[in-house]
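Accompanying notes for the structure given below.
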Amino acid sequence: MTSEAVAGRPKELEVDVCIIGAGPTGLTTALLASKLGLSVCIVDRAEGRLQVGRADALNARTQQLLDNIGILPGLLALGVKCNTSSTYKDGDFTSRQSKWWTSLTNSRFKEFLMIAQPEVEQALVDGLGIFVYYNTEVESIEESASEVLTMCHDLTIRSKYTVGADGAHSATRKLVGIEFSGTKPNMRWAVLDTFLKTDFPVCCEIIAFEKDGQSRVSWIPRERGLARFYVLLDGEITQENTERSIREHMAPYNVEFVGTEWFSQFDVQERVARTFISRGNHRIVLAGDAAHVHSVNGGQGLNTGISDAFALAWRLNMASKNENPAFLNSYDEERRTVAQGVVDIAGKLVRSTMRTAEEYVSIIEKHAGNITGMGITYPMTTPFAVPGCYGEFVAGARCPDFPFTRSDGSVEFLYQIFEYGKFVVLSNSALQLIIPTSISQYVLEWKVSLAETRFDSFKVEIPGEEKVLSTTFDLGKGEDITVIIRPDLYVGYVGLDPSSYCQGIALSSFSL
């Protein structure tokens with residue numbers, strides 16, 4: 001819902017979280033925070049929701065996360081799956097690679113889902129069900145020890161926390177005075193969303209076209225038969241020059257542009273905010289492009305922003321309900337580390353377009369963990385990620401997704417059952433779990449035991465489930481082990497003393 005539909009919008013609002021920016025990062029943060037019981041307000045300077053263009057793909061990790069909150073099924077029906085990267089030169093395909101997708105383990109998603117950003121935003125808005133105040137520009141932000149005052153032209157918002165998800169030119173970041181350091185390579189790209197009439201052998205693959213030893217054109221397959229092109233040009237950036245370059249790279253095949261939906265251009269920037277959290281009272285947080293920007297190569301922008309939202313919302317919930325912003329500290333440390341890695345890899349990719357297509361694809365393969373989103377890990381430097389591993393569970397890494405079988409034979413996967421916002425303790429240990437009172441409402445204990453009928457099967461008792469579930473996934477064969485899954489579906493702890501991990505989380509609230 002948007003503010004245009006509301007007659008007589010209020011002059012003042014008081015909420016738990018004010019979100020500035022109604023792109024994928026802001027909308028996902030709002031949706032998650034609302035699911036956790038927080039009151040939310042979203043403002044955006046744009047006149048209305050995005051209609052065309054911008055991001056074009058959901059990686060495997062983002063699909064996992066959106067599936068967890070029920071948003072993905074509708075998008076799967078609209079998008080196009082793609083797990084192959086190809087190279088083309090001199091009139092023929094020279095290579096095809098997909099192993100970094102097909103080799104993914106413990107995931108139901110092993111491909112990009114190609115889909116327009118406006119479709120993603122619409123799905124999030126539909127799931128959110130609250131008004132987005134468009135055409136509302138932030139003029140000032142004041143932070144105190146107990147609240148944030150966000151002032152727009154005709155709207156004042158009092159909130160416990162404010163999230164700046166307002167893009168690369170973030171007003172939030174500028175008003176708070178956070179440095180946005182980095183580099184700006186001398187590279188300017190054109191992007192074109194168009195329908196083609198061509199005798200080129202069209203396929204559902206990401207194609208890097210090579211000409212004169214460089215790979216300056218990429219073709220991304222899209223929904224509805226749409227084609228997305230990224231084109232690096234010298235000289236004037238126009239649609240005519242962009243189309244001419246595409247024709248030259250696709251020769252000897254004929255290409256006719258029969259309907260263009262969007263044409264734009266962008267400078268490559270590589271920047272990461274000096275901090276993602278205001279240093280005054282720790283109540284203003286940056287996420288998405290407001291916190292980090294980089295080239296589009298690798299399709300990491302929207303995906304990194306949505307992961308920011310999943311890393312942030314549960315911390316906002318704990319900070320808000322415990323009246324303590326210290327719970328946000330680890331967000332800054334973890335997500336800035338990830339952002340710097342994303343910027344570095346995107347930088348390597350964009351510079352490799354000046355080389356052969358095969359060299360470009362080899363860099364994608366080398367950094368496939370970032371491209372798929374499945375290899376991104378968190379440092380062992382906060383109380384929320386403590387070194388340890390067992391089987392497929394590795395602290396700081398994504399939690400594996402594995403199937404459970406119900407008594408009626410139906411199957412559901414962990415990510416479909418998992419309740420976002422809770423720490424889940426998977427334990428087959430007889431040790432008593434001691435959970436500090438301050439975090440007890442955020443912790444669920446799933447009891448694990450060996451099945452009586454099969455030596456390789458486990459029974460799992462989940463609070464709220466009527467029946468005991470079973471799984472053959474290794475949850476501790478032959479030894480006591482406890483795994484703690486974080487609210488964002490990363491592994492936080494693997495070991496024999498889960499009470500110490502819970503105590504560390506509670507103590508983190510005193511670390512401002």
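Numbering starts fresh at 1 for the residues of each chain in the structure tokens, the chains themselves are lettered A, B, ... in the order given, and ligands are numbered from 1 as they appear.
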Long-range neighbours of Ser362 of chain A as a list in words, 12 Å cut-off, only C-alpha atoms, 3 positions minimum in chain:
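Answer for this query is Ser85, Ser86, Thr87, Ser95, Arg96, Gln97, Ser98, Lys99, Trp100, Ala208, Lys348, Leu349, Ser352, Thr353, Arg355, Thr356, Ala357, Glu358, Glu359, Glu365, Lys366, His367 and Ala368 of chain A.
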Please identify the alpha helix (DSSP H) residues within segment 318-450 of chain A (assignment by DSSP from backbone atoms) and present them as an MDAnalysis selection string.
chainID A and resid 318:321 329:352 357:366 368:372 414:417
Which polymer residues have any atom within 7 Å of an atom of Gly21 of chain A, counting only C-alpha atoms, with same-chain residues fewer than 3 positions away left out, as a PyMOL selection string?
chain A and resi 26+42-44+164-166
If you count only C-alpha atoms, the residue of A:Phe404, A:Tyr490, A:Trp314, A:Phe180 closest to Met374 of chain A turns out to be A:Tyr490
All residues 8 Å or closer to Ala33 of chain A, only C-alpha atoms, same chain fewer than 6 positions away omitted, as an NGL selection string:
:A and (39-40 or 313-314 or 316-317)
Set out as a Markdown table a contact list for segment 362-419 of chain A and segment 426-433 of chain A with a cut-off of 12 Å, giving each residue of segment 362-419 of chain A that qualifies its closest atom pair and distance in Å to one decimal, counting only C-alpha atoms, ordered by chain and rising residue number.
| residue | atom | partner | partner_atom | distance |
| --- | --- | --- | --- | --- |
| A:Phe393 | CA | A:Leu426 | CA | 11.1 |
| A:Cys399 | CA | A:Leu426 | CA | 11.9 |
| A:Leu414 | CA | A:Leu426 | CA | 11.7 |
| A:Phe418 | CA | A:Leu426 | CA | 11.8 |
Would you mind exporting the chosen residues as a PDB file, in the first residue's frame, restricted to C-alpha atoms?
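Output saved as result04.pdb:
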ATOM      1  CA  PHE A 393      27.485 -27.300  10.532  1.00  0.00           C
ATOM      2  CA  CYS A 399      23.022 -23.170   8.047  1.00  0.00           C
ATOM      3  CA  LEU A 414      14.422 -26.608   7.770  1.00  0.00           C
ATOM      4  CA  PHE A 418      12.434 -22.179  10.953  1.00  0.00           C
TER       5      PHE A 418
END
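Within the 7 Å cut-off around Val255 of chain A, using only C-alpha atoms and omitting residues fewer than 3 positions from it on the same chain, the listed residues are Leu196, Lys197, Thr198 and Arg247 of chain A.
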Among segment 259-472 of chain A, which residues carry a DSSP assignment of strand (DSSP E or B), reported as a PyMOL selection string?
chain A and resi 259-267+270-273+277+284-286+292-293+389-390+393-394+398+403-405+411-413+423-427+443-450+458-461+469-471
Using only C-alpha atoms, find the one residue out of A:Phe263, A:Tyr442, A:Phe423, A:Tyr415 that sits nearest to Gln63 of chain A.
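Counting only C-alpha atoms, the residue closest to Gln63 of chain A is A:Tyr415.
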Quick one: which segment 158-227 of chain A residues come within 12 Å of segment 116-135 of chain A, and what is the nearest atom pair for each with the distance in Å to one decimal, counting only C-alpha atoms, rows ordered by chain and ascending number, as CSV?
residue,atom,partner,partner_atom,distance
A:Asp193,CA,A:Ala116,CA,10.0
A:Ile220,CA,A:Ala116,CA,11.4
A:Pro221,CA,A:Ala116,CA,10.9
A:Arg222,CA,A:Ala116,CA,7.8
A:Glu223,CA,A:Ala116,CA,7.7
A:Arg224,CA,A:Ala116,CA,10.3
A:Leu226,CA,A:Ala116,CA,10.0
A:Ala227,CA,A:Ala116,CA,11.1
Can you write out the residues you just picked, keeping all heavy atoms, as a PDB file, in the first residue's frame?
ATOM      1  N   ASP A 193      17.196  -2.942 -21.152  1.00  0.00           N
ATOM      2  CA  ASP A 193      16.184  -3.996 -21.069  1.00  0.00           C
ATOM      3  C   ASP A 193      15.343  -3.926 -22.326  1.00  0.00           C
ATOM      4  O   ASP A 193      14.666  -2.911 -22.573  1.00  0.00           O
ATOM      5  CB  ASP A 193      15.287  -3.799 -19.838  1.00  0.00           C
ATOM      6  CG  ASP A 193      15.964  -4.204 -18.552  1.00  0.00           C
ATOM      7  OD1 ASP A 193      16.996  -4.891 -18.611  1.00  0.00           O
ATOM      8  OD2 ASP A 193      15.459  -3.835 -17.478  1.00  0.00           O
ATOM      9  N   ILE A 220      21.902 -10.985 -20.147  1.00  0.00           N
ATOM     10  CA  ILE A 220      21.256 -11.647 -19.017  1.00  0.00           C
ATOM     11  C   ILE A 220      19.839 -12.031 -19.434  1.00  0.00           C
ATOM     12  O   ILE A 220      19.038 -11.158 -19.782  1.00  0.00           O
ATOM     13  CB  ILE A 220      21.179 -10.715 -17.782  1.00  0.00           C
ATOM     14  CG1 ILE A 220      22.521 -10.024 -17.531  1.00  0.00           C
ATOM     15  CG2 ILE A 220      20.688 -11.483 -16.569  1.00  0.00           C
ATOM     16  CD1 ILE A 220      23.643 -10.924 -17.166  1.00  0.00           C
ATOM     17  N   PRO A 221      19.480 -13.331 -19.419  1.00  0.00           N
ATOM     18  CA  PRO A 221      18.102 -13.711 -19.756  1.00  0.00           C
ATOM     19  C   PRO A 221      17.143 -13.247 -18.671  1.00  0.00           C
ATOM     20  O   PRO A 221      17.476 -13.262 -17.485  1.00  0.00           O
ATOM     21  CB  PRO A 221      18.174 -15.234 -19.832  1.00  0.00           C
ATOM     22  CG  PRO A 221      19.288 -15.596 -18.894  1.00  0.00           C
ATOM     23  CD  PRO A 221      20.290 -14.478 -19.007  1.00  0.00           C
ATOM     24  N   ARG A 222      15.973 -12.856 -19.074  1.00  0.00           N
ATOM     25  CA  ARG A 222      15.007 -12.318 -18.112  1.00  0.00           C
ATOM     26  C   ARG A 222      13.619 -12.904 -18.328  1.00  0.00           C
ATOM     27  O   ARG A 222      13.335 -13.574 -19.313  1.00  0.00           O
ATOM     28  CB  ARG A 222      14.968 -10.792 -18.246  1.00  0.00           C
ATOM     29  CG  ARG A 222      16.205 -10.097 -17.677  1.00  0.00           C
ATOM     30  CD  ARG A 222      16.101  -9.946 -16.181  1.00  0.00           C
ATOM     31  NE  ARG A 222      14.913  -9.166 -15.871  1.00  0.00           N
ATOM     32  CZ  ARG A 222      14.825  -7.836 -15.923  1.00  0.00           C
ATOM     33  NH1 ARG A 222      15.899  -7.132 -16.249  1.00  0.00           N
ATOM     34  NH2 ARG A 222      13.701  -7.212 -15.632  1.00  0.00           N
ATOM     35  N   GLU A 223      12.733 -12.612 -17.391  1.00  0.00           N
ATOM     36  CA  GLU A 223      11.347 -13.062 -17.476  1.00  0.00           C
ATOM     37  C   GLU A 223      10.648 -12.419 -18.675  1.00  0.00           C
ATOM     38  O   GLU A 223      11.086 -11.394 -19.192  1.00  0.00           O
ATOM     39  CB  GLU A 223      10.610 -12.725 -16.165  1.00  0.00           C
ATOM     40  CG  GLU A 223      10.289 -11.261 -15.960  1.00  0.00           C
ATOM     41  CD  GLU A 223      11.450 -10.429 -15.465  1.00  0.00           C
ATOM     42  OE1 GLU A 223      12.583 -10.942 -15.365  1.00  0.00           O
ATOM     43  OE2 GLU A 223      11.218  -9.235 -15.186  1.00  0.00           O
ATOM     44  N   ARG A 224       9.600 -13.046 -19.141  1.00  0.00           N
ATOM     45  CA  ARG A 224       8.768 -12.566 -20.254  1.00  0.00           C
ATOM     46  C   ARG A 224       9.516 -12.516 -21.583  1.00  0.00           C
ATOM     47  O   ARG A 224       9.082 -11.866 -22.528  1.00  0.00           O
ATOM     48  CB  ARG A 224       8.180 -11.175 -19.954  1.00  0.00           C
ATOM     49  CG  ARG A 224       7.282 -11.122 -18.732  1.00  0.00           C
ATOM     50  CD  ARG A 224       6.696  -9.738 -18.497  1.00  0.00           C
ATOM     51  NE  ARG A 224       7.701  -8.794 -18.043  1.00  0.00           N
ATOM     52  CZ  ARG A 224       8.108  -7.727 -18.723  1.00  0.00           C
ATOM     53  NH1 ARG A 224       7.587  -7.457 -19.907  1.00  0.00           N
ATOM     54  NH2 ARG A 224       9.027  -6.919 -18.216  1.00  0.00           N
ATOM     55  N   LEU A 226      12.346 -11.105 -21.991  1.00  0.00           N
ATOM     56  CA  LEU A 226      13.114  -9.866 -22.000  1.00  0.00           C
ATOM     57  C   LEU A 226      14.608 -10.184 -21.969  1.00  0.00           C
ATOM     58  O   LEU A 226      15.030 -11.199 -21.414  1.00  0.00           O
ATOM     59  CB  LEU A 226      12.734  -9.038 -20.779  1.00  0.00           C
ATOM     60  CG  LEU A 226      13.158  -7.565 -20.704  1.00  0.00           C
ATOM     61  CD1 LEU A 226      12.437  -6.755 -21.771  1.00  0.00           C
ATOM     62  CD2 LEU A 226      12.850  -7.005 -19.320  1.00  0.00           C
ATOM     63  N   ALA A 227      15.411  -9.327 -22.568  1.00  0.00           N
ATOM     64  CA  ALA A 227      16.872  -9.455 -22.521  1.00  0.00           C
ATOM     65  C   ALA A 227      17.463  -8.240 -21.833  1.00  0.00           C
ATOM     66  O   ALA A 227      17.114  -7.108 -22.148  1.00  0.00           O
ATOM     67  CB  ALA A 227      17.431  -9.581 -23.930  1.00  0.00           C
TER      68      ALA A 227
END
Select, from A:Ala171, A:Ile363, A:Leu27, A:Leu32, the residue with the minimum atom-to-atom distance to Asn297 of chain A, counting only C-alpha atoms.
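Smallest separation from Asn297 of chain A among the options: A:Ile363.
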Write out as a list in words which residues come within 7 Å of segment 329-342 of chain A when counting only C-alpha atoms, dropping same-chain ones fewer than 5 positions away.
Val272, Thr275, Phe276, Ile277, His292, Asp308, Ala311, Leu312, Tyr378, Pro379 and Thr382 of chain A
Measure the distance from atom CA of Phe112 of chain A to atom CA of Gly305 of chain A in Å and round it to one decimal.
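Answer for the atom CA of Phe112 of chain A to atom CA of Gly305 of chain A separation: 16.2 Å.
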Between atom CA of Trp446 of chain A and atom CA of Val424 of chain A, what is the spacing in Å?
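One can read the atom CA of Val424 of chain A to atom CA of Trp446 of chain A distance as 6.8 Å.
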Residues near Val468 of chain A, anyone? I mean within 7 Å using only C-alpha atoms, not counting same-chain ones fewer than 3 positions away, as a list in words.
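In the requested form, the answer reads Lys459, Val460 and Glu461 of chain A.
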